file run.cif (mmCIF, C-alpha atoms)
data_query
#
loop_
_atom_site.label_atom_id
_atom_site.label_comp_id
_atom_site.auth_asym_id
_atom_site.auth_seq_id
_atom_site.Cartn_x
_atom_site.Cartn_y
_atom_site.Cartn_z
CA MET A 1 -137.57 -8.16 23.20
CA PHE A 2 -134.01 -7.14 23.97
CA ARG A 3 -132.55 -4.95 26.70
CA VAL A 4 -130.92 -1.76 25.41
CA GLY A 5 -128.63 0.80 27.02
CA ILE A 6 -128.24 4.40 25.89
CA LEU A 7 -125.04 6.11 27.02
CA THR A 8 -124.72 9.85 26.46
CA VAL A 9 -121.16 11.15 26.45
CA SER A 10 -121.04 14.87 27.14
CA ASP A 11 -119.06 17.01 29.56
CA ARG A 12 -121.72 19.72 29.63
CA ALA A 13 -124.73 17.40 29.97
CA SER A 14 -122.98 15.40 32.71
CA ARG A 15 -122.54 18.64 34.69
CA GLY A 16 -126.16 19.70 34.10
CA GLU A 17 -125.11 22.67 31.94
CA ALA A 18 -126.83 21.34 28.82
CA GLU A 19 -129.89 19.19 28.24
CA ASP A 20 -129.32 15.75 26.74
CA LEU A 21 -131.55 15.62 23.67
CA SER A 22 -129.94 12.80 21.69
CA GLY A 23 -130.08 10.15 24.45
CA PRO A 24 -133.85 10.44 25.01
CA GLU A 25 -134.40 10.55 21.25
CA LEU A 26 -132.43 7.33 20.78
CA ALA A 27 -134.48 5.72 23.54
CA ARG A 28 -137.69 6.77 21.79
CA LEU A 29 -136.47 5.43 18.45
CA VAL A 30 -135.45 2.10 19.99
CA ARG A 31 -138.86 1.69 21.63
CA GLU A 32 -140.93 2.84 18.66
CA ASP A 33 -138.93 1.46 15.72
CA LEU A 34 -137.61 -1.77 17.24
CA GLY A 35 -140.09 -2.41 20.06
CA TRP A 36 -137.23 -3.09 22.47
CA GLU A 37 -136.93 -2.07 26.12
CA VAL A 38 -134.48 0.65 27.11
CA THR A 39 -133.38 -0.60 30.52
CA HIS A 40 -130.24 1.45 31.06
CA THR A 41 -129.48 5.13 30.49
CA ALA A 42 -126.62 7.25 31.75
CA ILE A 43 -124.76 10.45 31.04
CA VAL A 44 -120.99 10.53 31.54
CA PRO A 45 -118.33 13.14 30.80
CA ASP A 46 -115.87 12.71 27.95
CA GLU A 47 -113.54 10.53 30.03
CA ARG A 48 -112.24 7.40 28.36
CA SER A 49 -112.10 5.25 31.50
CA LEU A 50 -115.62 6.23 32.65
CA ILE A 51 -117.10 5.46 29.23
CA ALA A 52 -115.31 2.10 29.08
CA ASP A 53 -116.41 1.19 32.62
CA VAL A 54 -120.10 1.72 31.78
CA LEU A 55 -119.81 -0.24 28.52
CA ARG A 56 -118.12 -3.16 30.31
CA ARG A 57 -120.61 -3.21 33.18
CA TRP A 58 -123.68 -3.09 30.95
CA ALA A 59 -122.32 -5.78 28.62
CA ASP A 60 -120.84 -8.11 31.24
CA GLU A 61 -123.07 -7.70 34.28
CA GLU A 62 -126.38 -6.27 33.10
CA ASP A 63 -127.04 -8.51 30.06
CA VAL A 64 -127.71 -5.54 27.77
CA ALA A 65 -128.00 -6.77 24.16
CA LEU A 66 -127.45 -3.42 22.44
CA ILE A 67 -125.62 -0.32 23.67
CA LEU A 68 -125.93 2.89 21.71
CA THR A 69 -123.59 5.69 22.68
CA THR A 70 -124.25 9.27 21.62
CA GLY A 71 -121.60 11.95 21.52
CA GLY A 72 -117.83 12.14 21.58
CA THR A 73 -117.19 10.71 18.11
CA GLY A 74 -115.71 13.76 16.38
CA VAL A 75 -112.21 15.16 16.15
CA ALA A 76 -112.25 17.53 19.13
CA PRO A 77 -109.55 16.82 21.72
CA ARG A 78 -112.10 15.55 24.30
CA ASP A 79 -113.91 13.24 21.82
CA VAL A 80 -112.76 9.84 23.13
CA THR A 81 -115.83 7.63 22.75
CA PRO A 82 -114.29 5.58 19.90
CA GLU A 83 -111.14 4.91 21.92
CA ALA A 84 -113.17 3.87 24.97
CA THR A 85 -115.28 1.60 22.78
CA ARG A 86 -112.20 -0.03 21.25
CA ASP A 87 -110.90 -0.59 24.81
CA VAL A 88 -113.87 -2.89 25.52
CA ILE A 89 -114.94 -4.54 22.26
CA GLU A 90 -113.59 -7.93 21.24
CA ARG A 91 -114.53 -7.70 17.56
CA GLU A 92 -115.35 -4.72 15.36
CA ALA A 93 -118.53 -4.47 13.28
CA PRO A 94 -117.41 -1.83 10.77
CA GLY A 95 -120.31 -2.18 8.34
CA LEU A 96 -122.66 -0.32 10.66
CA VAL A 97 -120.52 2.81 10.88
CA GLU A 98 -119.57 2.58 7.21
CA ALA A 99 -123.27 2.67 6.33
CA MET A 100 -123.91 5.57 8.72
CA ARG A 101 -121.03 7.60 7.29
CA ALA A 102 -122.03 6.88 3.69
CA ALA A 103 -125.59 8.03 4.34
CA SER A 104 -124.43 11.10 6.24
CA LEU A 105 -122.11 12.12 3.41
CA GLN A 106 -125.24 12.63 1.32
CA VAL A 107 -126.29 15.28 3.86
CA THR A 108 -123.03 16.93 4.94
CA PRO A 109 -119.32 16.73 4.14
CA HIS A 110 -118.71 16.89 7.91
CA ALA A 111 -119.60 13.19 8.04
CA MET A 112 -116.01 12.51 6.99
CA LEU A 113 -114.93 13.70 10.43
CA SER A 114 -116.87 11.01 12.29
CA ARG A 115 -114.68 8.49 14.10
CA ALA A 116 -117.57 6.32 15.29
CA VAL A 117 -116.91 2.65 16.05
CA ALA A 118 -119.19 -0.37 16.30
CA GLY A 119 -118.27 -3.71 17.77
CA ILE A 120 -119.10 -6.71 19.87
CA ARG A 121 -118.32 -7.55 23.47
CA GLY A 122 -119.53 -11.01 24.38
CA ARG A 123 -123.17 -11.07 23.31
CA THR A 124 -123.56 -7.27 23.25
CA LEU A 125 -123.48 -5.03 20.18
CA ILE A 126 -122.08 -1.55 20.85
CA VAL A 127 -122.58 1.27 18.34
CA ASN A 128 -121.27 4.83 18.59
CA MET A 129 -123.74 7.43 17.37
CA PRO A 130 -123.25 11.18 16.90
CA GLY A 131 -124.26 13.70 19.54
CA SER A 132 -126.41 15.80 17.23
CA LEU A 133 -130.17 15.24 17.48
CA LYS A 134 -130.62 15.50 13.70
CA ALA A 135 -127.71 13.16 12.99
CA VAL A 136 -128.94 10.62 15.57
CA ARG A 137 -132.29 10.42 13.80
CA GLU A 138 -130.72 10.10 10.36
CA GLN A 139 -128.13 7.53 11.36
CA PHE A 140 -130.42 5.39 13.49
CA ALA A 141 -132.75 5.11 10.49
CA VAL A 142 -129.82 3.72 8.49
CA ILE A 143 -128.84 0.97 10.93
CA ALA A 144 -132.24 0.10 12.46
CA PRO A 145 -133.15 -2.45 9.75
CA ALA A 146 -129.98 -4.48 10.48
CA LEU A 147 -130.06 -4.34 14.29
CA PRO A 148 -132.70 -7.04 14.97
CA HIS A 149 -130.92 -9.63 12.84
CA GLY A 150 -127.50 -8.76 14.26
CA VAL A 151 -128.64 -8.87 17.87
CA ARG A 152 -130.57 -12.12 17.34
CA LEU A 153 -127.41 -13.70 15.89
CA LEU A 154 -125.35 -12.50 18.86
CA ARG A 155 -127.99 -13.79 21.25
CA ASP A 156 -128.09 -17.13 19.40
CA VAL A 157 -131.83 -16.97 18.74
CA PRO A 158 -132.93 -20.33 17.21
CA GLN A 159 -133.25 -20.34 13.41
CA GLU A 160 -131.70 -16.86 12.99
CA ASN A 161 -128.68 -18.34 11.21
CA GLN A 162 -130.94 -19.94 8.63
CA GLN A 163 -132.03 -16.52 7.34
CA HIS A 164 -128.71 -15.94 5.63
CA GLN A 165 -127.63 -19.43 4.60
CA VAL A 166 -127.27 -20.03 0.89
CA SER A 167 -129.14 -22.98 -0.55
CA ALA A 168 -127.10 -25.41 -2.63
#

call {"tool": "encode", "arguments": {"input": "run.cif", "output": "structure tokens"}}
result
Amino acid sequence: MFRVGILTVSDRASRGEAEDLSGPELARLVREDLGWEVTHTAIVPDERSLIADVLRRWADEEDVALILTTGGTGVAPRDVTPEATRDVIEREAPGLVEAMRAASLQVTPHAMLSRAVAGIRGRTLIVNMPGSLKAVREQFAVIAPALPHGVRLLRDVPQENQQHQVSA
């Protein structure tokens, strides 16, 4: 079982003016679909430095294996989650967001406007998710099958590398 953090990025939810629906839904999906423990949750405003600070702390100090952000990935002026994520990751993992966008394009042309990022900081995988409840469900379903293998590789779980080695 791996420790997971869910970070909601929303000005309105951080001020208590709107209910965070996507964060709790992501937590439910992580528990039910992956069987992992959600140990960290937070809501922050759309402020690049605040987002980056939480991502760094959870990855570096709290030993969180997977961080899912929700919100702030569009083209609005205050949508800065991708920039904050790039500020902290050491390597990108573009296949996750490519798969999410490709699947979402089957549902809506607005998927082209997503600027989500996924990447690695140390032994933590960070994935930006949309803020919409419907989109969170759809996109989590796309990446969930790959998350266990990716996190086990990052966490250097014995024998995980053997699952994708080619026999001679």

call {"tool": "closest_atom_pairs", "arguments": {"input": "run.cif", "of": "region 82-137 of chain A", "to": "region 6-12 of chain A", "cutoff": "10 Å", "atoms": "only C-alpha atoms", "output": "CSV"}}
result
residue,atom,partner,partner_atom,distance
A:Ile126,CA,A:Ile6,CA,9.9
A:Val127,CA,A:Ile6,CA,9.9
A:Asn128,CA,A:Leu7,CA,9.3
A:Met129,CA,A:Thr8,CA,9.5
A:Pro130,CA,A:Thr8,CA,9.8
A:Gly131,CA,A:Thr8,CA,7.9

call {"tool": "atom_distance", "arguments": {"input": "run.cif", "atom1": "CA of Leu153 (chain A)", "atom2": "CA of Glu138 (chain A)"}}
result
24.7 Å

call {"tool": "closest_residue", "arguments": {"input": "run.cif", "among": "A:Arg152, A:Arg48, A:Arg56, A:Arg28", "to": "Gly122 (chain A)", "atoms": "all atoms listed in the file"}}
result
A:Arg56

call {"tool": "resolve_selection", "arguments": {"input": "run.cif", "expression": "the PyMOL selection byres ((chain A and resi 101-106) around 10)", "output": "PyMOL selection string"}}
result
chain A and resi 95-100+107-116+135+138-139+141-142

call {"tool": "write_last_selection", "arguments": {"input": "run.cif", "atoms": "C-alpha atoms", "output": "PDB file, in the coordinates of the input"}}
result
ATOM      1  CA  GLY A  95    -120.310  -2.180   8.340  1.00  0.00           C
ATOM      2  CA  LEU A  96    -122.660  -0.320  10.660  1.00  0.00           C
ATOM      3  CA  VAL A  97    -120.520   2.810  10.880  1.00  0.00           C
ATOM      4  CA  GLU A  98    -119.570   2.580   7.210  1.00  0.00           C
ATOM      5  CA  ALA A  99    -123.270   2.670   6.330  1.00  0.00           C
ATOM      6  CA  MET A 100    -123.910   5.570   8.720  1.00  0.00           C
ATOM      7  CA  VAL A 107    -126.290  15.280   3.860  1.00  0.00           C
ATOM      8  CA  THR A 108    -123.030  16.930   4.940  1.00  0.00           C
ATOM      9  CA  PRO A 109    -119.320  16.730   4.140  1.00  0.00           C
ATOM     10  CA  HIS A 110    -118.710  16.890   7.910  1.00  0.00           C
ATOM     11  CA  ALA A 111    -119.600  13.190   8.040  1.00  0.00           C
ATOM     12  CA  MET A 112    -116.010  12.510   6.990  1.00  0.00           C
ATOM     13  CA  LEU A 113    -114.930  13.700  10.430  1.00  0.00           C
ATOM     14  CA  SER A 114    -116.870  11.010  12.290  1.00  0.00           C
ATOM     15  CA  ARG A 115    -114.680   8.490  14.100  1.00  0.00           C
ATOM     16  CA  ALA A 116    -117.570   6.320  15.290  1.00  0.00           C
ATOM     17  CA  ALA A 135    -127.710  13.160  12.990  1.00  0.00           C
ATOM     18  CA  GLU A 138    -130.720  10.100  10.360  1.00  0.00           C
ATOM     19  CA  GLN A 139    -128.130   7.530  11.360  1.00  0.00           C
ATOM     20  CA  ALA A 141    -132.750   5.110  10.490  1.00  0.00           C
ATOM     21  CA  VAL A 142    -129.820   3.720   8.490  1.00  0.00           C
TER      22      VAL A 142
END

call {"tool": "closest_residue", "arguments": {"input": "run.cif", "among": "A:Leu26, A:Glu61, A:Leu125, A:Ala18", "to": "Arg91 (chain A)", "atoms": "only C-alpha atoms"}}
result
A:Leu125

call {"tool": "atom_distance", "arguments": {"input": "run.cif", "atom1": "CA of Ile43 (chain A)", "atom2": "CA of Leu66 (chain A)"}}
result
16.5 Å

call {"tool": "residues_around", "arguments": {"input": "run.cif", "residues": "Arg123 (chain A)", "least_positions_apart": "4", "cutoff": "7 Å", "atoms": "only C-alpha atoms", "output": "compact mmCIF listing (two decimals) with C-alpha atoms, in the frame of the given file"}}
result
# COMPACT_ATOMS: atom_id res chain seq x y z
CA ALA A 65 -128.00 -6.77 24.16
CA LEU A 154 -125.35 -12.50 18.86
CA ARG A 155 -127.99 -13.79 21.25

call {"tool": "residues_around", "arguments": {"input": "run.cif", "residues": "Gly5 (chain A)", "least_positions_apart": "6", "cutoff": "7 Å", "atoms": "all atoms listed in the file", "output": "list in words"}}
result
Val38, Thr39, His40, Thr41, Val64, Leu66, Ile67 and Leu68 of chain A

call {"tool": "atom_distance", "arguments": {"input": "run.cif", "atom1": "CA of Ala118 (chain A)", "atom2": "CA of Pro94 (chain A)"}}
result
6.0 Å

call {"tool": "resolve_selection", "arguments": {"input": "run.cif", "expression": "the PyMOL selection byres ((chain A and resi 53) around 12)", "output": "ChimeraX atom specification"}}
result
/A:7,42,44,47-52,54-61,81,84-85,87-89

call {"tool": "closest_residue", "arguments": {"input": "run.cif", "among": "A:Arg86, A:Lys134, A:Arg3, A:Arg78", "to": "Leu21 (chain A)", "atoms": "only C-alpha atoms"}}
result
A:Lys134

call {"tool": "decode", "arguments": {"input": "run.cif", "residues": "region 39-164 of chain A", "atoms": "C-alpha atoms", "output": "PDB file, in the first residue's frame"}}
result
ATOM      1  CA  THR A  39      -2.805  10.261   3.901  1.00  0.00           C
ATOM      2  CA  HIS A  40      -2.663  13.891   2.817  1.00  0.00           C
ATOM      3  CA  THR A  41      -5.336  16.256   1.531  1.00  0.00           C
ATOM      4  CA  ALA A  42      -5.308  20.015   1.210  1.00  0.00           C
ATOM      5  CA  ILE A  43      -7.004  22.861  -0.601  1.00  0.00           C
ATOM      6  CA  VAL A  44      -4.911  25.817  -1.742  1.00  0.00           C
ATOM      7  CA  PRO A  45      -5.676  28.894  -3.839  1.00  0.00           C
ATOM      8  CA  ASP A  46      -4.372  29.243  -7.383  1.00  0.00           C
ATOM      9  CA  GLU A  47      -0.994  30.557  -6.218  1.00  0.00           C
ATOM     10  CA  ARG A  48       2.054  29.055  -7.876  1.00  0.00           C
ATOM     11  CA  SER A  49       4.345  29.235  -4.848  1.00  0.00           C
ATOM     12  CA  LEU A  50       1.759  27.727  -2.464  1.00  0.00           C
ATOM     13  CA  ILE A  51       1.066  24.827  -4.824  1.00  0.00           C
ATOM     14  CA  ALA A  52       4.791  24.174  -5.291  1.00  0.00           C
ATOM     15  CA  ASP A  53       5.445  24.332  -1.537  1.00  0.00           C
ATOM     16  CA  VAL A  54       2.841  21.630  -0.814  1.00  0.00           C
ATOM     17  CA  LEU A  55       4.134  19.399  -3.627  1.00  0.00           C
ATOM     18  CA  ARG A  56       7.725  19.715  -2.365  1.00  0.00           C
ATOM     19  CA  ARG A  57       6.801  19.077   1.266  1.00  0.00           C
ATOM     20  CA  TRP A  58       4.679  16.009   0.531  1.00  0.00           C
ATOM     21  CA  ALA A  59       7.296  14.528  -1.805  1.00  0.00           C
ATOM     22  CA  ASP A  60      10.408  15.360   0.223  1.00  0.00           C
ATOM     23  CA  GLU A  61       9.280  15.249   3.845  1.00  0.00           C
ATOM     24  CA  GLU A  62       6.097  13.176   3.988  1.00  0.00           C
ATOM     25  CA  ASP A  63       7.123  10.201   1.809  1.00  0.00           C
ATOM     26  CA  VAL A  64       3.992  10.437  -0.344  1.00  0.00           C
ATOM     27  CA  ALA A  65       4.307   8.052  -3.315  1.00  0.00           C
ATOM     28  CA  LEU A  66       1.622   9.623  -5.503  1.00  0.00           C
ATOM     29  CA  ILE A  67       0.272  13.174  -5.544  1.00  0.00           C
ATOM     30  CA  LEU A  68      -2.811  13.946  -7.574  1.00  0.00           C
ATOM     31  CA  THR A  69      -3.675  17.596  -8.028  1.00  0.00           C
ATOM     32  CA  THR A  70      -7.123  18.686  -9.140  1.00  0.00           C
ATOM     33  CA  GLY A  71      -7.864  22.057 -10.678  1.00  0.00           C
ATOM     34  CA  GLY A  72      -5.921  24.895 -12.222  1.00  0.00           C
ATOM     35  CA  THR A  73      -4.903  23.125 -15.436  1.00  0.00           C
ATOM     36  CA  GLY A  74      -6.834  25.192 -17.990  1.00  0.00           C
ATOM     37  CA  VAL A  75      -6.074  28.401 -19.831  1.00  0.00           C
ATOM     38  CA  ALA A  76      -7.605  30.923 -17.425  1.00  0.00           C
ATOM     39  CA  PRO A  77      -5.143  33.530 -16.142  1.00  0.00           C
ATOM     40  CA  ARG A  78      -5.141  32.046 -12.600  1.00  0.00           C
ATOM     41  CA  ASP A  79      -4.612  28.431 -13.787  1.00  0.00           C
ATOM     42  CA  VAL A  80      -0.997  27.896 -12.666  1.00  0.00           C
ATOM     43  CA  THR A  81      -0.944  24.290 -11.450  1.00  0.00           C
ATOM     44  CA  PRO A  82       1.175  23.078 -14.414  1.00  0.00           C
ATOM     45  CA  GLU A  83       3.763  25.798 -13.830  1.00  0.00           C
ATOM     46  CA  ALA A  84       3.932  25.008 -10.105  1.00  0.00           C
ATOM     47  CA  THR A  85       4.306  21.322 -10.908  1.00  0.00           C
ATOM     48  CA  ARG A  86       7.125  22.001 -13.374  1.00  0.00           C
ATOM     49  CA  ASP A  87       8.823  24.076 -10.651  1.00  0.00           C
ATOM     50  CA  VAL A  88       9.163  20.955  -8.480  1.00  0.00           C
ATOM     51  CA  ILE A  89       9.446  17.917 -10.760  1.00  0.00           C
ATOM     52  CA  GLU A  90      12.821  16.571 -11.827  1.00  0.00           C
ATOM     53  CA  ARG A  91      11.579  14.508 -14.780  1.00  0.00           C
ATOM     54  CA  GLU A  92       8.365  14.685 -16.781  1.00  0.00           C
ATOM     55  CA  ALA A  93       6.090  11.681 -17.352  1.00  0.00           C
ATOM     56  CA  PRO A  94       4.183  12.929 -20.407  1.00  0.00           C
ATOM     57  CA  GLY A  95       2.505   9.651 -21.329  1.00  0.00           C
ATOM     58  CA  LEU A  96       0.018   9.955 -18.488  1.00  0.00           C
ATOM     59  CA  VAL A  97      -1.326  13.337 -19.573  1.00  0.00           C
ATOM     60  CA  GLU A  98      -1.146  12.382 -23.249  1.00  0.00           C
ATOM     61  CA  ALA A  99      -3.404   9.409 -22.505  1.00  0.00           C
ATOM     62  CA  MET A 100      -5.782  11.551 -20.440  1.00  0.00           C
ATOM     63  CA  ARG A 101      -6.060  14.175 -23.184  1.00  0.00           C
ATOM     64  CA  ALA A 102      -6.548  11.569 -25.911  1.00  0.00           C
ATOM     65  CA  ALA A 103      -9.367   9.916 -23.983  1.00  0.00           C
ATOM     66  CA  SER A 104     -10.966  13.259 -23.136  1.00  0.00           C
ATOM     67  CA  LEU A 105     -10.926  14.332 -26.777  1.00  0.00           C
ATOM     68  CA  GLN A 106     -13.385  11.505 -27.413  1.00  0.00           C
ATOM     69  CA  VAL A 107     -15.768  13.277 -25.011  1.00  0.00           C
ATOM     70  CA  THR A 108     -15.158  16.993 -25.612  1.00  0.00           C
ATOM     71  CA  PRO A 109     -13.047  19.224 -27.859  1.00  0.00           C
ATOM     72  CA  HIS A 110     -12.291  21.303 -24.745  1.00  0.00           C
ATOM     73  CA  ALA A 111      -9.735  18.637 -23.798  1.00  0.00           C
ATOM     74  CA  MET A 112      -7.345  20.414 -26.154  1.00  0.00           C
ATOM     75  CA  LEU A 113      -7.218  23.271 -23.664  1.00  0.00           C
ATOM     76  CA  SER A 114      -5.817  21.139 -20.844  1.00  0.00           C
ATOM     77  CA  ARG A 115      -2.274  22.039 -19.822  1.00  0.00           C
ATOM     78  CA  ALA A 116      -1.924  19.235 -17.271  1.00  0.00           C
ATOM     79  CA  VAL A 117       1.555  17.969 -16.415  1.00  0.00           C
ATOM     80  CA  ALA A 118       2.807  14.742 -14.865  1.00  0.00           C
ATOM     81  CA  GLY A 119       6.270  14.140 -13.512  1.00  0.00           C
ATOM     82  CA  ILE A 120       8.568  12.722 -10.905  1.00  0.00           C
ATOM     83  CA  ARG A 121      10.215  14.296  -7.885  1.00  0.00           C
ATOM     84  CA  GLY A 122      12.516  11.867  -6.139  1.00  0.00           C
ATOM     85  CA  ARG A 123      10.384   8.775  -5.574  1.00  0.00           C
ATOM     86  CA  THR A 124       7.047  10.594  -5.931  1.00  0.00           C
ATOM     87  CA  LEU A 125       4.813  10.642  -8.997  1.00  0.00           C
ATOM     88  CA  ILE A 126       2.828  13.872  -9.416  1.00  0.00           C
ATOM     89  CA  VAL A 127      -0.124  14.062 -11.813  1.00  0.00           C
ATOM     90  CA  ASN A 128      -2.277  17.098 -12.568  1.00  0.00           C
ATOM     91  CA  MET A 129      -5.958  16.278 -12.958  1.00  0.00           C
ATOM     92  CA  PRO A 130      -8.820  18.537 -14.049  1.00  0.00           C
ATOM     93  CA  GLY A 131     -11.061  20.306 -11.555  1.00  0.00           C
ATOM     94  CA  SER A 132     -14.309  18.990 -12.996  1.00  0.00           C
ATOM     95  CA  LEU A 133     -15.899  16.074 -11.131  1.00  0.00           C
ATOM     96  CA  LYS A 134     -16.918  14.337 -14.373  1.00  0.00           C
ATOM     97  CA  ALA A 135     -13.487  14.822 -15.946  1.00  0.00           C
ATOM     98  CA  VAL A 136     -11.709  13.583 -12.791  1.00  0.00           C
ATOM     99  CA  ARG A 137     -13.666  10.335 -12.956  1.00  0.00           C
ATOM    100  CA  GLU A 138     -13.033   9.867 -16.667  1.00  0.00           C
ATOM    101  CA  GLN A 139      -9.344  10.701 -16.544  1.00  0.00           C
ATOM    102  CA  PHE A 140      -8.555   8.735 -13.395  1.00  0.00           C
ATOM    103  CA  ALA A 141     -10.047   5.665 -15.094  1.00  0.00           C
ATOM    104  CA  VAL A 142      -7.582   6.176 -17.945  1.00  0.00           C
ATOM    105  CA  ILE A 143      -4.421   6.344 -15.822  1.00  0.00           C
ATOM    106  CA  ALA A 144      -5.373   4.040 -12.914  1.00  0.00           C
ATOM    107  CA  PRO A 145      -4.181   0.841 -14.660  1.00  0.00           C
ATOM    108  CA  ALA A 146      -0.658   2.289 -15.072  1.00  0.00           C
ATOM    109  CA  LEU A 147      -0.262   3.874 -11.633  1.00  0.00           C
ATOM    110  CA  PRO A 148       0.587   0.747  -9.584  1.00  0.00           C
ATOM    111  CA  HIS A 149       3.390  -0.301 -11.923  1.00  0.00           C
ATOM    112  CA  GLY A 150       4.778   3.227 -12.188  1.00  0.00           C
ATOM    113  CA  VAL A 151       4.758   3.831  -8.447  1.00  0.00           C
ATOM    114  CA  ARG A 152       6.279   0.409  -7.713  1.00  0.00           C
ATOM    115  CA  LEU A 153       9.111   1.197 -10.147  1.00  0.00           C
ATOM    116  CA  LEU A 154       9.697   4.575  -8.484  1.00  0.00           C
ATOM    117  CA  ARG A 155       9.645   2.934  -5.068  1.00  0.00           C
ATOM    118  CA  ASP A 156      12.058   0.232  -6.283  1.00  0.00           C
ATOM    119  CA  VAL A 157       9.758  -2.641  -5.331  1.00  0.00           C
ATOM    120  CA  PRO A 158      11.677  -5.939  -5.829  1.00  0.00           C
ATOM    121  CA  GLN A 159      10.946  -7.741  -9.117  1.00  0.00           C
ATOM    122  CA  GLU A 160       8.901  -4.853 -10.570  1.00  0.00           C
ATOM    123  CA  ASN A 161      11.526  -4.234 -13.255  1.00  0.00           C
ATOM    124  CA  GLN A 162      11.208  -7.824 -14.429  1.00  0.00           C
ATOM    125  CA  GLN A 163       7.610  -7.218 -15.554  1.00  0.00           C
ATOM    126  CA  HIS A 164       8.728  -5.213 -18.558  1.00  0.00           C
TER     127      HIS A 164
END
